[in-house]
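Structure file input-v7.txt; described as compact mmCIF, C-alpha atoms.
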# COMPACT_ATOMS: atom_id res chain seq x y z
CA MET A 1286 0.00 0.00 0.00
CA THR A 1287 2.95 2.35 0.49
CA ASP A 1288 4.36 4.46 -2.34
CA GLN A 1289 7.54 2.77 -3.58
CA PRO A 1290 10.37 4.08 -5.78
CA THR A 1291 11.67 2.25 -8.83
CA ALA A 1292 14.67 2.46 -11.16
CA THR A 1293 15.43 5.93 -12.50
CA ARG A 1294 13.82 6.70 -15.87
CA PRO A 1295 16.18 6.97 -18.85
CA GLY A 1296 17.26 10.56 -19.33
CA GLU A 1297 16.53 11.50 -15.71
CA GLU A 1298 19.60 9.96 -14.06
CA LEU A 1299 21.57 11.90 -11.45
CA ASP A 1300 25.37 12.23 -11.32
CA LEU A 1301 26.02 9.78 -8.49
CA SER A 1302 29.68 10.68 -7.88
CA ARG A 1303 29.03 14.41 -7.59
CA LEU A 1304 25.90 13.86 -5.51
CA GLN A 1305 27.61 11.43 -3.13
CA ALA A 1306 30.48 13.83 -2.56
CA TYR A 1307 28.02 16.62 -1.84
CA LEU A 1308 26.04 14.48 0.60
CA LEU A 1309 29.10 13.29 2.49
CA GLU A 1310 30.23 16.90 2.83
CA HIS A 1311 26.92 18.03 4.33
CA PHE A 1312 25.94 14.88 6.23
CA PRO A 1313 29.20 13.93 7.95
CA ASN A 1314 27.63 10.98 9.78
CA ALA A 1315 26.49 9.33 6.54
CA ARG A 1316 28.29 6.17 5.46
CA GLY A 1317 28.20 3.71 2.57
CA ASN A 1318 27.61 3.85 -1.17
CA LEU A 1319 24.88 6.02 -2.63
CA GLU A 1320 21.84 4.31 -4.16
CA VAL A 1321 19.32 6.40 -6.10
CA LEU A 1322 15.78 5.37 -7.04
CA GLN A 1323 12.98 7.47 -8.48
CA PHE A 1324 9.38 7.93 -7.44
CA PRO A 1325 7.77 7.32 -10.84
CA ARG A 1326 4.54 9.28 -10.46
CA GLY A 1327 3.94 12.97 -10.87
CA PHE A 1328 4.24 15.10 -13.98
CA SER A 1329 6.27 18.06 -12.73
CA ASN A 1330 9.29 18.29 -10.43
CA LEU A 1331 11.24 15.04 -10.17
CA THR A 1332 11.45 13.17 -6.89
CA TYR A 1333 14.14 10.64 -5.96
CA LEU A 1334 14.86 8.39 -3.00
CA LEU A 1335 18.49 8.48 -1.88
CA ARG A 1336 19.95 5.71 0.27
CA LEU A 1337 23.34 6.41 1.80
CA GLY A 1338 24.13 3.57 4.16
CA GLU A 1339 21.31 3.46 6.70
CA GLN A 1340 20.10 6.96 5.89
CA GLU A 1341 17.19 7.68 3.52
CA LEU A 1342 16.56 11.10 2.01
CA VAL A 1343 14.18 12.45 -0.63
CA LEU A 1344 15.55 14.75 -3.33
CA ARG A 1345 13.47 17.17 -5.43
CA ARG A 1346 14.76 18.83 -8.59
CA PRO A 1347 13.21 20.48 -11.67
CA PRO A 1348 12.32 18.31 -14.67
CA PHE A 1349 14.97 17.94 -17.35
CA GLY A 1350 14.27 20.20 -20.31
CA ALA A 1351 11.99 22.58 -18.44
CA ASN A 1352 12.65 26.30 -18.73
CA ILE A 1353 9.68 27.60 -16.70
CA LYS A 1354 11.86 28.87 -13.86
CA THR A 1355 9.07 30.39 -11.78
CA ALA A 1356 7.23 27.06 -11.78
CA HIS A 1357 10.26 25.02 -10.69
CA ASP A 1358 11.92 27.27 -8.10
CA MET A 1359 13.54 24.82 -5.70
CA GLY A 1360 14.72 27.56 -3.34
CA ARG A 1361 11.20 28.93 -2.99
CA GLU A 1362 9.70 25.49 -2.36
CA TYR A 1363 12.36 24.78 0.27
CA ARG A 1364 11.67 28.10 1.96
CA ILE A 1365 7.93 27.34 2.13
CA LEU A 1366 8.53 23.93 3.70
CA SER A 1367 10.98 25.45 6.19
CA ALA A 1368 8.40 28.02 7.29
CA LEU A 1369 5.50 25.56 7.41
CA TRP A 1370 7.16 22.64 9.19
CA PRO A 1371 6.97 24.22 12.68
CA VAL A 1372 3.34 25.44 12.33
CA TYR A 1373 1.55 23.09 9.91
CA PRO A 1374 2.15 19.48 10.96
CA ARG A 1375 1.41 18.10 7.50
CA VAL A 1376 4.67 18.67 5.61
CA PRO A 1377 7.89 16.64 5.39
CA ARG A 1378 10.82 18.15 7.25
CA PRO A 1379 13.15 20.04 4.86
CA LEU A 1380 16.84 19.29 5.41
CA LEU A 1381 19.10 21.03 2.90
CA TYR A 1382 18.92 23.28 -0.17
CA CYS A 1383 21.58 23.32 -2.89
CA ALA A 1384 21.74 26.27 -5.30
CA ASP A 1385 25.02 25.09 -6.83
CA GLU A 1386 24.07 23.85 -10.31
CA SER A 1387 27.48 22.23 -10.77
CA VAL A 1388 26.33 19.34 -8.56
CA LEU A 1389 23.31 18.13 -10.56
CA GLY A 1390 22.86 20.72 -13.30
CA ALA A 1391 19.99 22.42 -11.46
CA PRO A 1392 19.13 23.55 -7.92
CA PHE A 1393 17.63 20.88 -5.67
CA TYR A 1394 16.69 20.26 -2.08
CA LEU A 1395 16.57 17.37 0.34
CA MET A 1396 13.85 16.44 2.82
CA GLU A 1397 13.02 13.60 5.16
CA ARG A 1398 11.54 10.41 3.78
CA LEU A 1399 8.02 9.69 5.04
CA HIS A 1400 6.46 6.25 4.62
CA GLY A 1401 2.79 6.24 3.78
CA VAL A 1402 0.02 5.56 1.30
CA ILE A 1403 -0.50 7.78 -1.74
CA LEU A 1404 -3.72 7.23 -3.66
CA ARG A 1405 -3.00 6.92 -7.36
CA THR A 1406 -5.09 5.25 -10.05
CA GLU A 1407 -5.92 2.03 -8.18
CA PRO A 1408 -7.44 1.80 -4.69
CA PRO A 1409 -5.47 -0.05 -2.02
CA PRO A 1410 -6.86 -3.39 -0.82
CA GLY A 1411 -9.85 -3.09 1.47
CA MET A 1412 -10.81 0.44 0.44
CA THR A 1413 -14.50 0.47 1.40
CA PRO A 1414 -16.87 3.40 0.77
CA ALA A 1415 -16.68 4.19 4.49
CA LEU A 1416 -12.88 4.41 4.39
CA MET A 1417 -13.04 6.45 1.20
CA ARG A 1418 -15.37 8.92 2.91
CA GLY A 1419 -12.91 9.14 5.79
CA VAL A 1420 -10.08 9.95 3.39
CA CYS A 1421 -12.23 12.57 1.67
CA GLU A 1422 -13.10 14.22 4.98
CA ALA A 1423 -9.45 14.16 6.12
CA ALA A 1424 -8.29 15.76 2.88
CA LEU A 1425 -10.90 18.49 3.22
CA GLU A 1426 -9.85 19.16 6.81
CA ALA A 1427 -6.20 19.45 5.73
CA LEU A 1428 -7.17 22.04 3.10
CA VAL A 1429 -9.36 24.01 5.52
CA GLU A 1430 -6.57 23.95 8.11
CA LEU A 1431 -4.12 25.32 5.54
CA HIS A 1432 -6.48 28.14 4.55
CA SER A 1433 -6.93 29.13 8.21
CA LEU A 1434 -3.17 29.28 8.89
CA ASP A 1435 -1.72 32.62 10.00
CA TYR A 1436 0.77 33.02 7.16
CA ARG A 1437 2.15 36.24 8.64
CA GLN A 1438 3.09 34.49 11.85
CA ALA A 1439 4.70 31.74 9.77
CA GLY A 1440 6.93 34.34 8.11
CA LEU A 1441 5.33 34.02 4.67
CA ALA A 1442 3.67 37.43 4.35
CA ASP A 1443 5.89 38.29 1.38
CA LEU A 1444 5.22 35.05 -0.52
CA GLY A 1445 2.71 36.62 -2.90
CA LYS A 1446 0.36 39.53 -3.60
CA PRO A 1447 -3.23 38.55 -2.78
CA GLU A 1448 -4.78 41.71 -4.27
CA GLY A 1449 -5.87 41.09 -7.85
CA TYR A 1450 -4.86 37.44 -7.59
CA ALA A 1451 -7.74 35.99 -9.63
CA GLU A 1452 -7.25 38.44 -12.50
CA ARG A 1453 -3.51 37.77 -12.65
CA GLN A 1454 -4.07 34.02 -12.58
CA VAL A 1455 -6.56 34.12 -15.45
CA ARG A 1456 -4.23 36.29 -17.49
CA GLY A 1457 -1.17 34.21 -16.67
CA TRP A 1458 -2.69 30.81 -17.42
CA THR A 1459 -4.22 32.19 -20.62
CA GLU A 1460 -0.77 33.31 -21.78
CA ARG A 1461 0.74 29.93 -20.86
CA TYR A 1462 -1.91 28.10 -22.84
CA GLN A 1463 -1.42 30.29 -25.89
CA LYS A 1464 2.32 29.64 -25.83
CA ALA A 1465 1.92 25.88 -25.42
CA ARG A 1466 -1.09 25.32 -27.71
CA THR A 1467 -0.64 22.45 -30.16
CA GLU A 1468 -4.19 22.26 -31.53
CA ASP A 1469 -7.50 24.10 -31.11
CA ILE A 1470 -9.61 22.60 -28.32
CA PRO A 1471 -12.98 24.44 -28.22
CA GLY A 1472 -13.59 24.29 -24.46
CA MET A 1473 -10.09 25.51 -23.65
CA GLU A 1474 -10.44 28.35 -26.16
CA ARG A 1475 -13.83 29.29 -24.73
CA ALA A 1476 -12.57 29.29 -21.15
CA MET A 1477 -10.08 32.10 -21.77
CA ASP A 1478 -12.72 34.67 -22.75
CA TRP A 1479 -15.32 33.38 -20.28
CA LEU A 1480 -13.00 33.60 -17.28
CA ALA A 1481 -11.85 37.12 -18.19
CA ALA A 1482 -15.49 38.22 -18.50
CA ASN A 1483 -16.63 36.64 -15.22
CA LEU A 1484 -13.95 37.65 -12.72
CA PRO A 1485 -15.35 37.63 -9.17
CA ALA A 1486 -14.85 40.23 -6.48
CA GLU A 1487 -11.97 39.74 -4.05
CA SER A 1488 -12.79 37.10 -1.43
CA GLY A 1489 -9.93 37.31 1.04
CA ALA A 1490 -6.41 35.94 1.22
CA ALA A 1491 -4.84 32.76 2.56
CA LEU A 1492 -1.81 30.59 2.07
CA ILE A 1493 -2.85 28.33 -0.80
CA HIS A 1494 -1.25 25.14 -2.11
CA ASN A 1495 -2.42 25.42 -5.73
CA ASP A 1496 -2.16 21.68 -6.48
CA PHE A 1497 -4.12 20.09 -3.64
CA LYS A 1498 -5.28 16.61 -4.67
CA TYR A 1499 -5.20 13.03 -3.45
CA ASP A 1500 -1.92 12.03 -5.03
CA ASN A 1501 -0.19 14.93 -3.28
CA LEU A 1502 -1.20 13.56 0.11
CA ILE A 1503 0.66 10.97 2.17
CA LEU A 1504 -1.80 8.95 4.24
CA ASP A 1505 -0.98 7.09 7.45
CA PRO A 1506 -0.59 3.37 6.57
CA THR A 1507 -1.94 2.43 10.02
CA ASN A 1508 -4.95 4.73 9.63
CA ILE A 1509 -5.60 5.67 6.04
CA THR A 1510 -8.09 8.37 7.05
CA ARG A 1511 -5.26 10.46 8.56
CA VAL A 1512 -3.20 12.83 6.38
CA LEU A 1513 0.48 12.61 7.36
CA ALA A 1514 1.78 15.17 4.88
CA VAL A 1515 0.93 17.34 1.90
CA LEU A 1516 3.52 17.22 -0.90
CA ASP A 1517 4.51 19.36 -3.91
CA TRP A 1518 4.49 22.95 -2.68
CA GLU A 1519 6.07 24.40 -5.82
CA MET A 1520 3.02 26.53 -6.71
CA ALA A 1521 2.05 27.61 -3.17
CA THR A 1522 1.47 31.33 -2.71
CA LEU A 1523 -0.82 33.88 -1.07
CA GLY A 1524 -4.12 34.32 -2.82
CA ASP A 1525 -7.83 33.68 -2.96
CA PRO A 1526 -8.51 30.37 -1.14
CA LEU A 1527 -11.44 29.68 -3.45
CA MET A 1528 -8.97 29.56 -6.33
CA ASP A 1529 -7.22 26.78 -4.42
CA LEU A 1530 -10.49 24.93 -3.97
CA GLY A 1531 -11.21 25.47 -7.66
CA THR A 1532 -7.95 23.76 -8.60
CA THR A 1533 -8.88 20.80 -6.39
CA LEU A 1534 -12.24 20.64 -8.17
CA GLY A 1535 -10.41 20.73 -11.49
CA TYR A 1536 -8.91 17.34 -10.62
CA TRP A 1537 -12.02 16.01 -8.86
CA ALA A 1538 -13.60 13.42 -11.14
CA GLU A 1539 -17.03 11.92 -10.54
CA GLU A 1540 -18.37 8.53 -11.60
CA ASP A 1541 -20.09 9.81 -14.76
CA ASP A 1542 -17.17 11.99 -15.95
CA PRO A 1543 -15.10 11.04 -19.04
CA PRO A 1544 -12.94 7.95 -18.38
CA GLY A 1545 -9.58 9.62 -18.96
CA LEU A 1546 -10.17 12.27 -16.32
CA LYS A 1547 -10.81 9.59 -13.71
CA ARG A 1548 -7.11 8.73 -13.99
CA PHE A 1549 -6.32 11.82 -11.90
CA GLY A 1550 -7.20 10.00 -8.69
CA LEU A 1551 -9.84 8.04 -6.88
CA THR A 1552 -12.40 10.79 -6.30
CA HIS A 1553 -14.92 8.93 -8.47
CA LEU A 1554 -15.12 5.95 -6.11
CA PRO A 1555 -18.14 5.43 -3.81
CA GLY A 1556 -17.77 7.27 -0.53
CA ASN A 1557 -16.32 10.46 -1.96
CA LEU A 1558 -18.29 13.68 -1.85
CA ARG A 1559 -19.37 14.97 -5.22
CA ARG A 1560 -17.95 18.32 -6.31
CA ALA A 1561 -21.00 20.32 -5.21
CA GLU A 1562 -21.05 18.48 -1.88
CA LEU A 1563 -17.37 19.19 -1.35
CA VAL A 1564 -18.01 22.91 -1.89
CA GLU A 1565 -20.90 22.85 0.59
CA ALA A 1566 -18.75 21.07 3.18
CA TYR A 1567 -15.92 23.57 2.68
CA ALA A 1568 -18.34 26.49 3.09
CA ALA A 1569 -19.77 24.98 6.28
CA ARG A 1570 -16.29 24.66 7.79
CA THR A 1571 -14.95 28.05 6.71
CA GLY A 1572 -17.99 30.32 6.47
CA ARG A 1573 -16.80 31.52 3.05
CA ASP A 1574 -19.26 32.67 0.39
CA VAL A 1575 -19.22 30.05 -2.39
CA SER A 1576 -22.06 31.47 -4.48
CA ASN A 1577 -19.65 32.19 -7.36
CA MET A 1578 -18.07 28.73 -7.33
CA LEU A 1579 -18.73 28.11 -11.04
CA PHE A 1580 -15.98 30.61 -11.90
CA TYR A 1581 -13.48 28.89 -9.62
CA TYR A 1582 -14.38 25.46 -10.96
CA VAL A 1583 -13.99 26.53 -14.61
CA PHE A 1584 -10.69 28.16 -13.71
CA GLY A 1585 -9.53 24.95 -12.02
CA ARG A 1586 -10.42 22.85 -15.06
CA PHE A 1587 -8.70 25.30 -17.39
CA LYS A 1588 -5.58 25.48 -15.23
CA VAL A 1589 -5.26 21.69 -15.07
CA GLY A 1590 -5.70 21.60 -18.84
CA VAL A 1591 -2.93 24.18 -19.31
CA ILE A 1592 -0.55 22.25 -17.06
CA MET A 1593 -1.11 19.15 -19.18
CA GLN A 1594 -0.76 21.19 -22.37
CA GLN A 1595 2.61 22.57 -21.28
CA ILE A 1596 3.89 19.09 -20.51
CA TYR A 1597 2.51 17.70 -23.77
CA ALA A 1598 4.17 20.50 -25.75
CA ARG A 1599 7.52 19.66 -24.09
CA TYR A 1600 6.99 16.02 -25.05
CA LEU A 1601 6.29 16.88 -28.71
CA LYS A 1602 9.47 18.98 -28.81
CA GLY A 1603 11.50 16.07 -27.49
CA GLN A 1604 12.39 17.91 -24.29
CA THR A 1605 11.24 14.95 -22.20
CA GLN A 1606 11.37 11.23 -22.96
CA ASP A 1607 8.56 10.22 -20.57
CA ALA A 1608 6.19 8.09 -22.68
CA ARG A 1609 3.28 8.75 -20.31
CA PHE A 1610 2.99 12.25 -21.74
CA ALA A 1611 1.89 11.10 -25.19
CA ALA A 1612 -1.64 10.40 -23.88
CA LEU A 1613 -2.11 13.84 -22.34
CA ILE A 1614 -3.70 15.36 -25.45
CA GLY A 1615 -6.72 13.10 -24.98
CA LEU A 1616 -7.14 14.30 -21.41
CA ILE A 1617 -6.86 17.94 -22.52
CA ARG A 1618 -9.67 17.37 -25.01
CA GLU A 1619 -11.80 15.81 -22.28
CA THR A 1620 -11.03 18.78 -20.04
CA GLY A 1621 -12.26 21.13 -22.74
CA GLY A 1622 -15.49 19.15 -22.90
CA MET A 1623 -15.95 19.46 -19.13
CA ILE A 1624 -15.47 23.22 -19.35
CA ASP A 1625 -18.11 23.50 -22.08
CA LYS A 1626 -20.53 21.42 -20.00
CA ALA A 1627 -20.01 23.55 -16.88
CA ILE A 1628 -20.50 26.86 -18.68
CA ASP A 1629 -23.57 25.59 -20.54
CA THR A 1630 -25.28 24.09 -17.49
CA GLY A 1631 -23.99 26.37 -14.74
CA GLU A 1632 -23.22 23.29 -12.64
CA LEU A 1633 -20.02 21.84 -11.20
Please express what this file holds, its structure, as structure tokens.
Amino acid sequence: MTDQPTATRPGEELDLSRLQAYLLEHFPNARGNLEVLQFPRGFSNLTYLLRLGEQELVLRRPPFGANIKTAHDMGREYRILSALWPVYPRVPRPLLYCADESVLGAPFYLMERLHGVILRTEPPPGMTPALMRGVCEAALEALVELHSLDYRQAGLADLGKPEGYAERQVRGWTERYQKARTEDIPGMERAMDWLAANLPAESGAALIHNDFKYDNLILDPTNITRVLAVLDWEMATLGDPLMDLGTTLGYWAEEDDPPGLKRFGLTHLPGNLRRAELVEAYAARTGRDVSNMLFYYVFGRFKVGVIMQQIYARYLKGQTQDARFAALIGLIRETGGMIDKAIDTGEL
């Protein structure tokens, strides 16, 4: 049930001699030969398991071939984890940041290795609807807890500019899509104009994760309804918390959604709240006004579609060898269809 690493993918190998020398310099008690494995899931920053004698570490670095520096800022992600670890007990402990690109060709950081369950495309054995509901509730509580965090006290008041956040996000993701577009997808094209024309009023500021979904959560293997840690903080910032919830909804597939989109996680299984129910539960716990949630949902779908489009464009250019990316165009088309449906019906 626990998430296990495998052999490193071709083209994503690390320089073992340079890395071992660096580790021995900064971890003087470490002994033995360095072994490197890779956690094979995830479509963005690369994650490796390092074994140096008895010690296990997790290394995060940008993807090979990526040139979107603001989306793969290892120093920023390390700073966020360092600030959160003392006040939000749902992050892995950060250990060391390396800005010296001569070591691995890019900045990277190291954090503790946590053992737990990560929900991917197949449910673990014994996942009943009751357990699934418990996981769903625990994930929601972790998101609500994050949005209620005093980010000023945590030392993160300068992490972003909450004012005008929604407008900047719509503009920014529209520009990213236009640069990465490989074919016309009607729903994605429609979303750009619709979002710009339906911007909501400001609804407050919070520390937001911006990629909060099941496969970014480590669950306790002894109690799967407990969230041990939230992973992948590369896009965290200060902004409208409903934009964060909208991104979660962008990944949140239901039983009658297109089959490809159900590969994002297990939210379609019995026991999960439906999207509208999740919004109601969030509103009940936070007191936030969710009457304009259609905008945030369409934004979330569009944003997820743009992320996939950027990765797919890198794949077509030969900047990544990961064969999984070839199928992304089908998911982008399905995402466009979901956007059309939401705008036409006014429903999540």
### Message
So, with only C-alpha atoms as the atoms that count, which of A:Asp1288, A:Asp1629, A:Asp1525, A:Glu1562 lies closest to A:Pro1447?
### Response
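The closest residue to A:Pro1447 is A:Asp1525.
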### Task
Record the distance separating atom CA of A:Tyr1450 and atom CA of A:Gly1472, expressed in Å with one decimal.
23.1 Å
### Query
Near stretch 1381-1389 of chain A, counting all atoms listed in the file, which residues have an atom at most 12 Å away, once you skip same-chain residues fewer than 4 positions from it, shown as a PyMOL selection string?
chain A and resi 1297-1308+1310-1312+1342-1349+1358-1367+1393-1397
### Nearest-residue call for A:Phe1580, choices A:Ser1433, A:Thr1291, A:Thr1620, A:Asn1483, using only C-alpha atoms
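When distances to A:Phe1580 are compared using only C-alpha atoms, the smallest one comes from A:Asn1483.
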## Note on the structure
Using all atoms listed in the file, the shortest atom-to-atom distance to A:Leu1579 among A:Ile1470, A:Ala1427, A:Leu1492, A:Val1564 belongs to A:Val1564
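If you look at atom CA of A:Asp1469 and atom CA of A:Gly1535, they are 20.1 Å away from each other.
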### Query
So which residues touch A:Ile1403 within 10 Å, counting all atoms listed in the file, skipping near sequence neighbours fewer than 2 positions away, as a list in words?
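Within the cut-off, the hits are Met1286, Thr1287, Asp1288, Gln1289, His1400, Gly1401, Arg1405, Thr1406, Pro1408, Pro1409, Tyr1499, Asp1500, Asn1501, Leu1502, Ile1503, Leu1504, Asp1505, Pro1506, Ile1509, Val1512 and Gly1550 of chain A.
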### Nearest residue to A:Gly1585 from the set A:Met1473, A:Ala1439, A:Met1417, A:Leu1309 (distances using all atoms listed in the file)
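Closest residue, counting all atoms listed in the file: A:Met1473.
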### Task
Enter the distance from atom CA of A:Pro1543 to atom CA of A:Glu1619, in Å, rounded to one decimal.
6.6 Å
### Message
Can you tell me which residues surround A:Gln1438 at a distance of at most 10 Å, considering all atoms listed in the file, apart from same-chain residues fewer than 4 positions away, and format the answer as a list in words?
### Response
Ala1368, Val1372, Leu1434 and Ala1442 of chain A
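Nearest residue to A:Tyr1436 among A:Ala1292, A:Leu1399, A:Leu1530, A:Ala1521 is A:Ala1521, counting all atoms listed in the file.
Among A:Glu1519, A:Phe1549, A:Leu1444, A:Val1429, the residue with the shortest atom-to-atom distance to A:Leu1331, counting all atoms listed in the file, is A:Glu1519.
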### Task
Could you give me, as a list in words, the residues within 9 Å of stretch 1332-1335 of chain A, counting only C-alpha atoms and dropping anything in the same chain fewer than 2 positions from it?
Pro1290, Thr1293, Leu1319, Glu1320, Val1321, Leu1322, Gln1323, Phe1324, Pro1325, Arg1326, Gly1327, Asn1330, Leu1337, Gln1340, Glu1341, Leu1342, Val1343, Leu1344, Arg1345, Arg1346, Pro1347 and Arg1398 of chain A
### Message
Env of A:Ala1627: 9 Å cut, atoms = all atoms listed in the file, seq-sep filter 6 positions within chain, self excluded. Answer as a PyMOL selection string.
### Response
chain A and resi 1579+1582-1583+1633
